[in-house]
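Structure data (mmCIF, N, CA and C atoms) from entry_38.cif:
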```cif
data_entry
loop_
_atom_site.group_PDB
_atom_site.id
_atom_site.type_symbol
_atom_site.label_atom_id
_atom_site.label_comp_id
_atom_site.auth_asym_id
_atom_site.auth_seq_id
_atom_site.Cartn_x
_atom_site.Cartn_y
_atom_site.Cartn_z
ATOM 1 N N MET A 1 -1.256 32.751 13.887
ATOM 2 C CA MET A 1 -0.102 31.946 14.195
ATOM 3 C C MET A 1 -0.291 31.274 15.543
ATOM 4 N N GLN A 2 0.034 29.995 15.628
ATOM 5 C CA GLN A 2 -0.137 29.241 16.869
ATOM 6 C C GLN A 2 1.185 29.239 17.634
ATOM 7 N N ASN A 3 1.158 29.680 18.900
ATOM 8 C CA ASN A 3 2.384 29.809 19.686
ATOM 9 C C ASN A 3 2.669 28.615 20.582
ATOM 10 N N THR A 4 1.735 27.734 20.768
ATOM 11 C CA THR A 4 1.951 26.612 21.670
ATOM 12 C C THR A 4 2.525 25.421 20.928
ATOM 13 N N LEU A 5 3.112 24.506 21.668
ATOM 14 C CA LEU A 5 3.690 23.304 21.084
ATOM 15 C C LEU A 5 2.682 22.169 20.968
ATOM 16 N N ALA A 6 1.556 22.310 21.633
ATOM 17 C CA ALA A 6 0.572 21.232 21.625
ATOM 18 C C ALA A 6 -0.059 21.087 20.244
ATOM 19 N N PRO A 7 -0.237 19.840 19.789
ATOM 20 C CA PRO A 7 -0.886 19.647 18.493
ATOM 21 C C PRO A 7 -2.373 19.997 18.557
ATOM 22 N N ARG A 8 -2.963 20.223 17.413
ATOM 23 C CA ARG A 8 -4.394 20.517 17.357
ATOM 24 C C ARG A 8 -5.193 19.330 17.863
ATOM 25 N N GLY A 9 -6.444 19.554 18.183
ATOM 26 C CA GLY A 9 -7.304 18.504 18.730
ATOM 27 C C GLY A 9 -7.545 17.346 17.783
ATOM 28 N N ASP A 10 -7.445 17.584 16.472
ATOM 29 C CA ASP A 10 -7.709 16.519 15.522
ATOM 30 C C ASP A 10 -6.437 15.783 15.089
ATOM 31 N N ALA A 11 -5.298 16.126 15.681
ATOM 32 C CA ALA A 11 -4.037 15.470 15.314
ATOM 33 C C ALA A 11 -4.003 14.046 15.864
ATOM 34 N N SER A 12 -3.347 13.163 15.148
ATOM 35 C CA SER A 12 -3.233 11.776 15.599
ATOM 36 C C SER A 12 -1.762 11.429 15.802
ATOM 37 N N THR A 13 -1.093 12.199 16.648
ATOM 38 C CA THR A 13 0.326 12.023 16.912
ATOM 39 C C THR A 13 0.537 10.977 17.988
ATOM 40 N N PHE A 14 1.438 10.020 17.723
ATOM 41 C CA PHE A 14 1.819 9.059 18.745
ATOM 42 C C PHE A 14 3.198 8.514 18.436
ATOM 43 N N LEU A 15 3.850 7.938 19.455
ATOM 44 C CA LEU A 15 5.193 7.396 19.318
ATOM 45 C C LEU A 15 5.109 5.878 19.238
ATOM 46 N N THR A 16 5.841 5.287 18.314
ATOM 47 C CA THR A 16 5.947 3.831 18.212
ATOM 48 C C THR A 16 7.351 3.444 18.617
ATOM 49 N N HIS A 17 7.464 2.549 19.603
ATOM 50 C CA HIS A 17 8.763 2.124 20.130
ATOM 51 C C HIS A 17 8.878 0.615 19.968
ATOM 52 N N PHE A 18 9.825 0.163 19.170
ATOM 53 C CA PHE A 18 10.049 -1.272 18.966
ATOM 54 C C PHE A 18 11.124 -1.756 19.935
ATOM 55 N N VAL A 19 10.865 -2.903 20.587
ATOM 56 C CA VAL A 19 11.808 -3.493 21.534
ATOM 57 C C VAL A 19 12.131 -4.899 21.050
ATOM 58 N N GLY A 20 13.407 -5.276 21.095
ATOM 59 C CA GLY A 20 13.800 -6.619 20.682
ATOM 60 C C GLY A 20 13.498 -6.845 19.213
ATOM 61 N N GLY A 21 12.702 -7.869 18.934
ATOM 62 C CA GLY A 21 12.353 -8.206 17.561
ATOM 63 C C GLY A 21 11.250 -7.360 16.977
ATOM 64 N N GLY A 22 10.616 -6.504 17.778
ATOM 65 C CA GLY A 22 9.522 -5.669 17.272
ATOM 66 C C GLY A 22 8.314 -6.494 16.880
ATOM 67 N N LEU A 23 7.858 -6.362 15.657
ATOM 68 C CA LEU A 23 6.699 -7.106 15.157
ATOM 69 C C LEU A 23 7.171 -8.386 14.464
ATOM 70 N N ASP A 24 7.807 -9.239 15.257
ATOM 71 C CA ASP A 24 8.431 -10.452 14.735
ATOM 72 C C ASP A 24 7.657 -11.715 15.121
ATOM 73 N N ASP A 25 6.439 -11.568 15.626
ATOM 74 C CA ASP A 25 5.651 -12.705 16.097
ATOM 75 C C ASP A 25 4.297 -12.700 15.390
ATOM 76 N N GLU A 26 3.546 -13.774 15.521
ATOM 77 C CA GLU A 26 2.232 -13.885 14.879
ATOM 78 C C GLU A 26 1.075 -13.448 15.780
ATOM 79 N N SER A 27 1.230 -13.573 17.105
ATOM 80 C CA SER A 27 0.178 -13.147 18.033
ATOM 81 C C SER A 27 0.815 -12.431 19.218
ATOM 82 N N TYR A 28 0.058 -11.494 19.783
ATOM 83 C CA TYR A 28 0.577 -10.608 20.829
ATOM 84 C C TYR A 28 -0.414 -10.479 21.976
ATOM 85 N N VAL A 29 0.129 -10.258 23.181
ATOM 86 C CA VAL A 29 -0.682 -9.951 24.359
ATOM 87 C C VAL A 29 -0.707 -8.435 24.484
ATOM 88 N N ILE A 30 -1.908 -7.864 24.537
ATOM 89 C CA ILE A 30 -2.086 -6.414 24.592
ATOM 90 C C ILE A 30 -2.370 -5.990 26.023
ATOM 91 N N GLN A 31 -1.621 -5.000 26.509
ATOM 92 C CA GLN A 31 -1.869 -4.391 27.812
ATOM 93 C C GLN A 31 -2.002 -2.893 27.606
ATOM 94 N N ARG A 32 -2.986 -2.298 28.260
ATOM 95 C CA ARG A 32 -3.255 -0.868 28.100
ATOM 96 C C ARG A 32 -3.045 -0.150 29.421
ATOM 97 N N TYR A 33 -2.406 1.021 29.349
ATOM 98 C CA TYR A 33 -2.142 1.854 30.509
ATOM 99 C C TYR A 33 -2.590 3.273 30.213
ATOM 100 N N VAL A 34 -2.844 4.038 31.285
ATOM 101 C CA VAL A 34 -3.270 5.430 31.150
ATOM 102 C C VAL A 34 -2.311 6.304 31.938
ATOM 103 N N SER A 35 -1.899 7.412 31.339
ATOM 104 C CA SER A 35 -1.041 8.377 32.008
ATOM 105 C C SER A 35 -1.929 9.451 32.634
ATOM 106 N N ARG A 36 -1.770 9.642 33.938
ATOM 107 C CA ARG A 36 -2.572 10.662 34.640
ATOM 108 C C ARG A 36 -1.857 12.004 34.627
ATOM 109 N N ALA A 37 -2.562 13.057 35.018
ATOM 110 C CA ALA A 37 -2.018 14.414 34.975
ATOM 111 C C ALA A 37 -0.823 14.592 35.905
ATOM 112 N N ASN A 38 -0.757 13.814 36.995
ATOM 113 C CA ASN A 38 0.360 13.947 37.930
ATOM 114 C C ASN A 38 1.575 13.128 37.502
ATOM 115 N N GLY A 39 1.540 12.492 36.331
ATOM 116 C CA GLY A 39 2.661 11.719 35.818
ATOM 117 C C GLY A 39 2.602 10.244 36.142
ATOM 118 N N GLU A 40 1.615 9.826 36.900
ATOM 119 C CA GLU A 40 1.480 8.426 37.274
ATOM 120 C C GLU A 40 0.923 7.615 36.098
ATOM 121 N N ILE A 41 1.483 6.419 35.891
ATOM 122 C CA ILE A 41 1.009 5.522 34.841
ATOM 123 C C ILE A 41 0.349 4.324 35.516
ATOM 124 N N VAL A 42 -0.927 4.100 35.202
ATOM 125 C CA VAL A 42 -1.703 3.028 35.839
ATOM 126 C C VAL A 42 -2.358 2.164 34.763
ATOM 127 N N PRO A 43 -2.684 0.908 35.095
ATOM 128 C CA PRO A 43 -3.425 0.086 34.122
ATOM 129 C C PRO A 43 -4.748 0.749 33.757
ATOM 130 N N ALA A 44 -5.195 0.554 32.540
ATOM 131 C CA ALA A 44 -6.411 1.212 32.059
ATOM 132 C C ALA A 44 -7.643 0.807 32.845
ATOM 133 N N ASP A 45 -7.661 -0.396 33.419
ATOM 134 C CA ASP A 45 -8.829 -0.831 34.180
ATOM 135 C C ASP A 45 -8.681 -0.556 35.673
ATOM 136 N N ALA A 46 -7.678 0.222 36.092
ATOM 137 C CA ALA A 46 -7.504 0.556 37.508
ATOM 138 C C ALA A 46 -8.669 1.424 37.983
ATOM 139 N N GLY A 47 -9.114 1.185 39.169
ATOM 140 C CA GLY A 47 -10.220 1.950 39.725
ATOM 141 C C GLY A 47 -11.575 1.340 39.444
ATOM 142 N N GLN A 48 -11.634 0.373 38.556
ATOM 143 C CA GLN A 48 -12.891 -0.313 38.280
ATOM 144 C C GLN A 48 -12.944 -1.561 39.149
ATOM 145 N N PRO A 49 -14.058 -1.794 39.811
ATOM 146 C CA PRO A 49 -14.135 -2.977 40.672
ATOM 147 C C PRO A 49 -14.138 -4.264 39.849
ATOM 148 N N ALA A 50 -13.457 -5.278 40.397
ATOM 149 C CA ALA A 50 -13.456 -6.589 39.745
ATOM 150 C C ALA A 50 -14.818 -7.242 39.952
ATOM 151 N N ARG A 51 -15.260 -7.984 38.942
ATOM 152 C CA ARG A 51 -16.531 -8.677 39.081
ATOM 153 C C ARG A 51 -16.394 -9.760 40.135
ATOM 154 N N LYS A 52 -17.432 -9.992 40.860
ATOM 155 C CA LYS A 52 -17.388 -10.949 41.960
ATOM 156 C C LYS A 52 -17.072 -12.353 41.423
ATOM 157 N N GLY A 53 -16.038 -12.965 42.014
ATOM 158 C CA GLY A 53 -15.654 -14.312 41.630
ATOM 159 C C GLY A 53 -14.855 -14.395 40.342
ATOM 160 N N LYS A 54 -14.537 -13.260 39.733
ATOM 161 C CA LYS A 54 -13.792 -13.248 38.474
ATOM 162 C C LYS A 54 -12.452 -12.544 38.675
ATOM 163 N N ARG A 55 -11.426 -13.076 38.034
ATOM 164 C CA ARG A 55 -10.132 -12.412 38.038
ATOM 165 C C ARG A 55 -10.042 -11.520 36.817
ATOM 166 N N ARG A 56 -9.272 -10.450 36.926
ATOM 167 C CA ARG A 56 -9.039 -9.595 35.774
ATOM 168 C C ARG A 56 -8.042 -10.260 34.850
ATOM 169 N N ALA A 57 -8.258 -10.135 33.593
ATOM 170 C CA ALA A 57 -7.335 -10.696 32.615
ATOM 171 C C ALA A 57 -6.069 -9.850 32.558
ATOM 172 N N GLY A 58 -4.914 -10.503 32.389
ATOM 173 C CA GLY A 58 -3.656 -9.784 32.286
ATOM 174 C C GLY A 58 -3.507 -9.074 30.959
ATOM 175 N N GLY A 59 -4.204 -9.520 29.967
ATOM 176 C CA GLY A 59 -4.138 -8.911 28.645
ATOM 177 C C GLY A 59 -4.978 -9.700 27.664
ATOM 178 N N VAL A 60 -5.139 -9.168 26.494
ATOM 179 C CA VAL A 60 -5.930 -9.794 25.447
ATOM 180 C C VAL A 60 -4.968 -10.246 24.354
ATOM 181 N N ILE A 61 -5.149 -11.447 23.824
ATOM 182 C CA ILE A 61 -4.297 -11.956 22.760
ATOM 183 C C ILE A 61 -4.933 -11.637 21.411
ATOM 184 N N VAL A 62 -4.152 -10.960 20.552
ATOM 185 C CA VAL A 62 -4.644 -10.558 19.227
ATOM 186 C C VAL A 62 -3.607 -10.927 18.166
ATOM 187 N N PRO A 63 -4.032 -11.065 16.906
ATOM 188 C CA PRO A 63 -3.079 -11.380 15.825
ATOM 189 C C PRO A 63 -2.260 -10.149 15.409
ATOM 190 N N LEU A 64 -1.245 -10.391 14.610
ATOM 191 C CA LEU A 64 -0.337 -9.338 14.151
ATOM 192 C C LEU A 64 -1.066 -8.224 13.404
ATOM 193 N N LYS A 65 -2.024 -8.563 12.559
ATOM 194 C CA LYS A 65 -2.773 -7.550 11.788
ATOM 195 C C LYS A 65 -3.478 -6.551 12.701
ATOM 196 N N ALA A 66 -4.035 -7.048 13.825
ATOM 197 C CA ALA A 66 -4.721 -6.158 14.762
ATOM 198 C C ALA A 66 -3.728 -5.250 15.482
ATOM 199 N N VAL A 67 -2.537 -5.754 15.789
ATOM 200 C CA VAL A 67 -1.515 -4.946 16.462
ATOM 201 C C VAL A 67 -1.052 -3.810 15.556
ATOM 202 N N GLU A 68 -0.923 -4.076 14.281
ATOM 203 C CA GLU A 68 -0.492 -3.048 13.333
ATOM 204 C C GLU A 68 -1.507 -1.918 13.207
ATOM 205 N N LYS A 69 -2.769 -2.187 13.495
ATOM 206 C CA LYS A 69 -3.822 -1.175 13.363
ATOM 207 C C LYS A 69 -4.120 -0.440 14.670
ATOM 208 N N LEU A 70 -3.465 -0.810 15.776
ATOM 209 C CA LEU A 70 -3.714 -0.169 17.066
ATOM 210 C C LEU A 70 -3.300 1.294 17.037
ATOM 211 N N ARG A 71 -4.099 2.152 17.631
ATOM 212 C CA ARG A 71 -3.799 3.567 17.773
ATOM 213 C C ARG A 71 -4.160 3.967 19.201
ATOM 214 N N PRO A 72 -3.218 4.551 19.956
ATOM 215 C CA PRO A 72 -3.511 4.926 21.332
ATOM 216 C C PRO A 72 -4.313 6.219 21.423
ATOM 217 N N ALA A 73 -5.045 6.360 22.524
ATOM 218 C CA ALA A 73 -5.691 7.639 22.824
ATOM 219 C C ALA A 73 -4.604 8.631 23.234
ATOM 220 N N ARG A 74 -4.953 9.875 23.427
ATOM 221 C CA ARG A 74 -3.956 10.904 23.732
ATOM 222 C C ARG A 74 -3.145 10.603 24.980
ATOM 223 N N ASP A 75 -3.780 10.032 26.011
ATOM 224 C CA ASP A 75 -3.082 9.760 27.270
ATOM 225 C C ASP A 75 -2.918 8.260 27.530
ATOM 226 N N GLU A 76 -2.895 7.459 26.484
ATOM 227 C CA GLU A 76 -2.847 6.006 26.620
ATOM 228 C C GLU A 76 -1.499 5.443 26.155
ATOM 229 N N ILE A 77 -1.078 4.357 26.797
ATOM 230 C CA ILE A 77 0.112 3.611 26.408
ATOM 231 C C ILE A 77 -0.329 2.185 26.142
ATOM 232 N N ILE A 78 -0.031 1.665 24.973
ATOM 233 C CA ILE A 78 -0.384 0.292 24.611
ATOM 234 C C ILE A 78 0.904 -0.494 24.457
ATOM 235 N N ILE A 79 1.004 -1.624 25.161
ATOM 236 C CA ILE A 79 2.177 -2.485 25.070
ATOM 237 C C ILE A 79 1.734 -3.830 24.513
ATOM 238 N N ALA A 80 2.324 -4.223 23.392
ATOM 239 C CA ALA A 80 2.024 -5.502 22.746
ATOM 240 C C ALA A 80 3.277 -6.377 22.823
ATOM 241 N N THR A 81 3.184 -7.495 23.557
ATOM 242 C CA THR A 81 4.306 -8.410 23.748
ATOM 243 C C THR A 81 4.029 -9.703 23.008
ATOM 244 N N GLY A 82 5.011 -10.193 22.274
ATOM 245 C CA GLY A 82 4.863 -11.423 21.506
ATOM 246 C C GLY A 82 4.619 -12.631 22.404
ATOM 247 N N VAL A 83 3.764 -13.543 21.949
ATOM 248 C CA VAL A 83 3.434 -14.743 22.717
ATOM 249 C C VAL A 83 4.537 -15.785 22.567
ATOM 250 N N GLU A 84 4.981 -16.029 21.342
ATOM 251 C CA GLU A 84 5.995 -17.050 21.083
ATOM 252 C C GLU A 84 7.395 -16.561 21.424
ATOM 253 N N ARG A 85 7.715 -15.364 21.007
ATOM 254 C CA ARG A 85 9.039 -14.792 21.250
ATOM 255 C C ARG A 85 8.904 -13.686 22.285
ATOM 256 N N CYS A 86 9.442 -13.927 23.473
ATOM 257 C CA CYS A 86 9.289 -12.971 24.574
ATOM 258 C C CYS A 86 9.986 -11.642 24.311
ATOM 259 N N GLY A 87 11.029 -11.638 23.475
ATOM 260 C CA GLY A 87 11.770 -10.405 23.217
ATOM 261 C C GLY A 87 11.100 -9.469 22.238
ATOM 262 N N SER A 88 10.099 -9.944 21.498
ATOM 263 C CA SER A 88 9.455 -9.078 20.513
ATOM 264 C C SER A 88 8.352 -8.265 21.175
ATOM 265 N N GLN A 89 8.459 -6.950 21.061
ATOM 266 C CA GLN A 89 7.498 -6.065 21.711
ATOM 267 C C GLN A 89 7.408 -4.762 20.936
ATOM 268 N N VAL A 90 6.224 -4.174 20.948
ATOM 269 C CA VAL A 90 6.028 -2.845 20.387
ATOM 270 C C VAL A 90 5.199 -2.051 21.394
ATOM 271 N N GLN A 91 5.533 -0.763 21.535
ATOM 272 C CA GLN A 91 4.812 0.124 22.443
ATOM 273 C C GLN A 91 4.294 1.310 21.651
ATOM 274 N N TYR A 92 3.053 1.669 21.898
ATOM 275 C CA TYR A 92 2.448 2.847 21.284
ATOM 276 C C TYR A 92 2.139 3.839 22.399
ATOM 277 N N TRP A 93 2.665 5.042 22.300
ATOM 278 C CA TRP A 93 2.485 6.084 23.307
ATOM 279 C C TRP A 93 1.699 7.248 22.701
ATOM 280 N N GLY A 94 0.591 7.624 23.330
ATOM 281 C CA GLY A 94 -0.146 8.807 22.920
ATOM 282 C C GLY A 94 0.658 10.060 23.243
ATOM 283 N N TYR A 95 0.384 11.185 22.572
ATOM 284 C CA TYR A 95 1.241 12.358 22.727
ATOM 285 C C TYR A 95 1.188 12.953 24.129
ATOM 286 N N ARG A 96 0.055 12.852 24.828
ATOM 287 C CA ARG A 96 0.000 13.375 26.195
ATOM 288 C C ARG A 96 0.752 12.474 27.165
ATOM 289 N N ALA A 97 0.783 11.176 26.900
ATOM 290 C CA ALA A 97 1.510 10.249 27.763
ATOM 291 C C ALA A 97 3.017 10.461 27.651
ATOM 292 N N LEU A 98 3.485 10.973 26.511
ATOM 293 C CA LEU A 98 4.908 11.256 26.340
ATOM 294 C C LEU A 98 5.364 12.407 27.217
ATOM 295 N N GLY A 99 4.530 13.420 27.367
ATOM 296 C CA GLY A 99 4.885 14.577 28.173
ATOM 297 C C GLY A 99 5.762 15.584 27.465
ATOM 298 N N ILE A 100 6.016 15.421 26.172
ATOM 299 C CA ILE A 100 6.898 16.358 25.482
ATOM 300 C C ILE A 100 6.180 17.614 25.010
ATOM 301 N N PHE A 101 4.870 17.605 24.993
ATOM 302 C CA PHE A 101 4.117 18.773 24.553
ATOM 303 C C PHE A 101 3.572 19.586 25.722
ATOM 304 N N THR A 102 3.967 19.254 26.957
ATOM 305 C CA THR A 102 3.449 19.973 28.120
ATOM 306 C C THR A 102 4.522 20.882 28.688
ATOM 307 N N ASP A 103 4.094 21.969 29.287
ATOM 308 C CA ASP A 103 4.998 22.927 29.910
ATOM 309 C C ASP A 103 5.253 22.457 31.337
ATOM 310 N N ARG A 104 6.479 22.038 31.645
ATOM 311 C CA ARG A 104 6.818 21.468 32.951
ATOM 312 C C ARG A 104 7.304 22.517 33.962
ATOM 313 N N ARG A 105 7.307 23.784 33.588
ATOM 314 C CA ARG A 105 7.774 24.803 34.534
ATOM 315 C C ARG A 105 6.781 24.944 35.673
ATOM 316 N N GLN A 106 7.307 24.939 36.885
ATOM 317 C CA GLN A 106 6.474 25.061 38.084
ATOM 318 C C GLN A 106 6.352 26.533 38.459
ATOM 319 N N ARG A 107 5.164 26.923 38.822
ATOM 320 C CA ARG A 107 4.944 28.305 39.270
ATOM 321 C C ARG A 107 4.762 28.287 40.779
ATOM 322 N N GLY A 108 5.407 29.202 41.449
ATOM 323 C CA GLY A 108 5.383 29.177 42.914
ATOM 324 C C GLY A 108 4.627 30.240 43.547
#
```
Once you've parsed the file, please lay out its structure as structure tokens.
Amino acid sequence: MQNTLAPRGDASTFLTHFVGGGLDDESYVIQRYVSRANGEIVPADAGQPARKGKRRAGGVIVPLKAVEKLRPARDEIIIATGVERCGSQVQYWGYRALGIFTDRRQRG
């Protein structure tokens, strides 16, 4: 019998959060974030040096079919915002980024 709340290593649990129109657009801008152990959420490319003379892209534009197939890593948050309709957005949260499967009790 398993006593912990954490899912098994092969589980593919994640939360899908629809905002505004949800998947109501044809193309989306994808932004990826990573949740760290201390609770901080940072862009996925944070800590990597920018290439000389190049700016970092704010996101990648993908079609609706690609957004429907996105799956976050355990500690990843993916935000897809519609290009044409600003109110349409979907967020995918990995189970570790949610923080609901972790024991938050502090030991002193």
Could you write out as AutoDock Vina command-line options the box around region 57-68 of chain A (axis-aligned, all atoms listed in the file, 4 Å on each side), with centre and edge lengths in Å to one decimal?
```
--center_x -4.3 --center_y -6.9 --center_z 22.7 --size_x 15.9 --size_y 18.0 --size_z 29.8
```
With the file shown as input, list the residues that the PyMOL selection byres (((chain A and resi 14 and name CA) around 8) and name CA) selects, as a short mmCIF file (atom, residue, chain, number, x, y, z; two decimals) with N, CA and C atoms, in the coordinates of the input.
```
data_model
loop_
_atom_site.label_atom_id
_atom_site.label_comp_id
_atom_site.auth_asym_id
_atom_site.auth_seq_id
_atom_site.Cartn_x
_atom_site.Cartn_y
_atom_site.Cartn_z
N SER A 12 -3.35 13.16 15.15
CA SER A 12 -3.23 11.78 15.60
C SER A 12 -1.76 11.43 15.80
N THR A 13 -1.09 12.20 16.65
CA THR A 13 0.33 12.02 16.91
C THR A 13 0.54 10.98 17.99
N LEU A 15 3.85 7.94 19.45
CA LEU A 15 5.19 7.40 19.32
C LEU A 15 5.11 5.88 19.24
N THR A 16 5.84 5.29 18.31
CA THR A 16 5.95 3.83 18.21
C THR A 16 7.35 3.44 18.62
N ARG A 71 -4.10 2.15 17.63
CA ARG A 71 -3.80 3.57 17.77
C ARG A 71 -4.16 3.97 19.20
N PRO A 72 -3.22 4.55 19.96
CA PRO A 72 -3.51 4.93 21.33
C PRO A 72 -4.31 6.22 21.42
N ARG A 74 -4.95 9.88 23.43
CA ARG A 74 -3.96 10.90 23.73
C ARG A 74 -3.14 10.60 24.98
N TYR A 92 3.05 1.67 21.90
CA TYR A 92 2.45 2.85 21.28
C TYR A 92 2.14 3.84 22.40
N TRP A 93 2.66 5.04 22.30
CA TRP A 93 2.48 6.08 23.31
C TRP A 93 1.70 7.25 22.70
N GLY A 94 0.59 7.62 23.33
CA GLY A 94 -0.15 8.81 22.92
C GLY A 94 0.66 10.06 23.24
N TYR A 95 0.38 11.18 22.57
CA TYR A 95 1.24 12.36 22.73
C TYR A 95 1.19 12.95 24.13
#
```
Run the PyMOL selection byres ((chain A and resi 65-70) around 8) mentally over the shown coordinates, then write out the matched residues as a list of chain:residue names, using the chain letters and numbers from the document. A:Glu26, A:Ser27, A:Tyr28, A:Val62, A:Pro63, A:Leu64, A:Arg71, A:Pro72, A:Ala73, A:Ala80, A:Tyr92
Go ahead and find all residues with at least one atom no further than 8 Å from (-3.1, 6.3, 28.9) in the file's coordinates, using all atoms listed in the file; report them as a ChimeraX atom specification. /A:32-36,41-44,72-78,93-94,96-97
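For the pair CA of Gly39 (chain A) and CA of His17 (chain A), the interatomic distance is 19.4 Å.
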Separation of CA of Val83 (chain A) and CA of Val19 (chain A), in Å? 14.1 Å
